[in-house]
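Reading through the structure tokens given below for one structure.
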Amino acid sequence: MSFVTRGFRGRRRETDESGRVPPGQYRTDDFPVLSAGPTPHTPLAEWSFTIASESGEELARWSWEELRALPSETVTVDIHCVTKWSKLDTTWEGASVDTLLAGIETDAAYVTAWSDGGYTTNLPLEDVTDGKAWVAFGYDGEPLDPEHGGPARLLVPHLYFWKSAKWVRGLRLMDDDDPGFWESLGYHLYGDPWREQRYWGD
Ligand SMILES: Nc1nc2c(c(=O)[nH]1)N[C@H]1C(S)=C(S)[C@@H](COP(=O)(O)O)O[C@H]1N2
Ligand SMILES: [Mo]
């Protein structure tokens, strides 16, 4: 009896039946803003994107114009925030991280993305390569809003959205997995929404 009632009235009906909303998430059409600090406003003339080695050596760097001159892709993906909202079919324009890493020889197993304002987040290298991550500068056909990470943010849609560092300025190639901002405060090191890896121990 209670089984039937839960099946009929439970979460799945209230949220989404597409199979695209991970466990514990609800679907929203809004685009909430989640920022741990103020929105930085780095002038494009001072903006650059850097690939660095673990020791901090600069391996490659693009100015804003150089980044925009790279081949770009338009992708439509679902995004999932650890605070439980998921948004389906978001459309972004950006340069694939594969394009940025092309020509860089590395034995690194992880990367740490860093941002204006000091935010960092850690990811396995294989989660930002092979078409899984972008440095995105457009959203819904427009330049990316500063509050959503403009001029450019990392976009790694298959992991919880805190991995998609707003105002991203570079990737550091790491031998070991080094917890970033939220990961140091208890968020999961990896953050797979389909396995509900929200916090340490999940
Ligand atoms: N630099 C920076 N990037 C960040 C954050 C942040 O506070 N600072 N918040 C993260 C979190 S927790 C989420 S859910 C998404 C939110 O992106 P949005 O504000 O565009 O929805 O950005 C992620 N990237
Ligand atoms: Mo988040």
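Each chain in the structure tokens gets a letter, A, B and so on, in the order shown; residues start at 1 in every chain, and ligands are counted from 1 in the order they appear.
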
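By chain and then residue number, the residues within 12 Å of Glu73 (chain A) are Arg68, Ala69, Thr91, Trp92, Glu93, Gly94, Ala95, Ser96, Val97, Asp98, Thr99, Gly131, Lys132, Ala133, Trp134, Val135, Ala136, Phe137, Gly138, Tyr139 and Gly141 of chain A, counting only C-alpha atoms and disregarding those fewer than 4 positions away in sequence.
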
Expected file contents, prior selection, C-alpha atoms, as a compact mmCIF listing (two decimals), in the first residue's frame:
```txt
# COMPACT_ATOMS: atom_id res chain seq x y z
CA ARG A 68 38.55 33.39 -29.54
CA ALA A 69 40.48 32.63 -32.73
CA THR A 91 23.67 25.55 -25.09
CA TRP A 92 27.21 26.82 -24.84
CA GLU A 93 29.96 27.95 -27.17
CA GLY A 94 33.58 27.36 -26.31
CA ALA A 95 36.95 25.93 -27.14
CA SER A 96 37.39 22.26 -26.34
CA VAL A 97 40.02 21.55 -23.69
CA ASP A 98 41.40 19.06 -26.22
CA THR A 99 42.23 22.00 -28.47
CA GLY A 131 35.41 15.97 -25.87
CA LYS A 132 34.24 16.15 -22.24
CA ALA A 133 35.14 19.74 -21.30
CA TRP A 134 35.27 23.22 -22.77
CA VAL A 135 36.41 26.71 -21.94
CA ALA A 136 33.05 28.31 -22.64
CA PHE A 137 32.57 31.97 -23.51
CA GLY A 138 29.06 31.88 -24.94
CA TYR A 139 25.72 30.84 -23.50
CA GLY A 141 23.91 32.50 -28.38
```

Problem set entry | strand (DSSP E or B) call set, DSSP backbone run, region 10-105 of chain A, as a PyMOL selection string | chain A and resi 26-27+48-52+58-63+73-80+85-96

For this session: Enumerate residues in contact with ligand 1: an atom-to-atom distance of at most 6 Å, counting only C-alpha atoms and all ligand atoms. Format the result as JSON, numbers by chain.
Result: {"A": [31, 32, 33, 34, 35, 36, 81, 115, 119, 148, 161, 162, 164, 165, 166, 167]}

Residues from the last selection, N, CA, C and O atoms, saved as a compact mmCIF listing (two decimals), in the first residue's frame:
```
# COMPACT_ATOMS: atom_id res chain seq x y z
N PHE A 31 18.05 29.65 -14.28
CA PHE A 31 19.50 29.49 -14.28
C PHE A 31 20.02 30.19 -13.02
O PHE A 31 20.39 31.35 -13.06
N PRO A 32 20.01 29.46 -11.88
CA PRO A 32 20.46 30.08 -10.63
C PRO A 32 21.93 30.51 -10.72
O PRO A 32 22.69 29.94 -11.50
N VAL A 33 22.30 31.49 -9.94
CA VAL A 33 23.69 31.93 -9.83
C VAL A 33 24.22 31.45 -8.50
O VAL A 33 23.63 31.73 -7.45
N LEU A 34 25.33 30.69 -8.52
CA LEU A 34 25.97 30.26 -7.29
C LEU A 34 27.43 30.67 -7.34
O LEU A 34 28.21 30.12 -8.12
N SER A 35 27.80 31.63 -6.52
CA SER A 35 29.16 32.14 -6.48
C SER A 35 29.58 32.26 -5.02
O SER A 35 28.83 32.80 -4.21
N ALA A 36 30.78 31.77 -4.74
CA ALA A 36 31.28 31.81 -3.36
C ALA A 36 31.82 33.19 -2.99
O ALA A 36 32.13 33.45 -1.84
N CYS A 81 23.69 20.82 -10.49
CA CYS A 81 24.32 21.47 -9.34
C CYS A 81 24.13 20.62 -8.10
O CYS A 81 23.06 20.04 -7.88
N SER A 115 40.84 30.19 -11.08
CA SER A 115 39.98 31.27 -11.55
C SER A 115 40.39 32.59 -10.94
O SER A 115 40.98 32.63 -9.85
N TYR A 119 39.21 30.92 -6.79
CA TYR A 119 38.53 29.62 -6.83
C TYR A 119 39.39 28.59 -7.56
O TYR A 119 40.04 28.91 -8.55
N HIS A 148 27.59 34.36 -14.55
CA HIS A 148 27.69 32.94 -14.86
C HIS A 148 29.12 32.53 -15.26
O HIS A 148 29.32 31.42 -15.74
N PHE A 161 28.21 20.67 -11.06
CA PHE A 161 28.55 21.92 -11.72
C PHE A 161 29.59 22.74 -10.96
O PHE A 161 30.13 23.70 -11.51
N TRP A 162 29.89 22.39 -9.70
CA TRP A 162 30.96 23.15 -9.03
C TRP A 162 32.31 22.91 -9.70
O TRP A 162 33.24 23.70 -9.53
N SER A 164 32.75 23.14 -12.80
CA SER A 164 32.78 24.04 -13.96
C SER A 164 33.15 25.44 -13.47
O SER A 164 32.29 26.31 -13.27
N ALA A 165 34.46 25.63 -13.26
CA ALA A 165 34.97 26.86 -12.65
C ALA A 165 34.62 28.09 -13.46
O ALA A 165 34.98 28.19 -14.64
N LYS A 166 33.92 29.02 -12.82
CA LYS A 166 33.62 30.29 -13.46
C LYS A 166 34.89 31.16 -13.45
O LYS A 166 35.76 31.01 -12.61
N TRP A 167 34.94 32.12 -14.40
CA TRP A 167 36.07 33.06 -14.50
C TRP A 167 37.41 32.33 -14.59
O TRP A 167 38.43 32.76 -14.04
```

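The interatomic distance for the pair CA of Asp78 (chain A) and CA of Asp175 (chain A) works out to 29.6 Å.
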
For this session: Pull the helix (DSSP H, G or I) assignments for region 10-75 of chain A out of DSSP run on the backbone, and list those residues as number ranges by chain.
Result: A: 11-14, 44-46, 64-69

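Considering the residues A:Val82, A:Phe49, A:Asp107, A:Arg169 and counting only C-alpha atoms, Glu66 (chain A) has its shortest atom-to-atom contact with A:Phe49.
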
For this session: Would you list the contacts of Val111 (chain A) as a PyMOL selection string, taking every protein, DNA or RNA residue within 10 Å and counting only C-alpha atoms, but skipping same-chain residues closer than 3 positions in sequence?
Result: chain A and resi 51-54+108+114+121-128+170-178

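Taking only C-alpha atoms and all ligand atoms into account, ligand 2 lies nearest to A:Gly191 out of the set A:Pro151, A:Gly191, A:Gly201, A:Pro38.
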
Exercise. Looking at only C-alpha atoms, which of A:Thr120, A:Thr106, A:Asp130, A:Glu196 is the one that sits closest to Ser184 (chain A)?
Worked result: A:Thr120

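For the pair CA of Trp182 (chain A) and CA of Asp30 (chain A), the separation is 23.1 Å.
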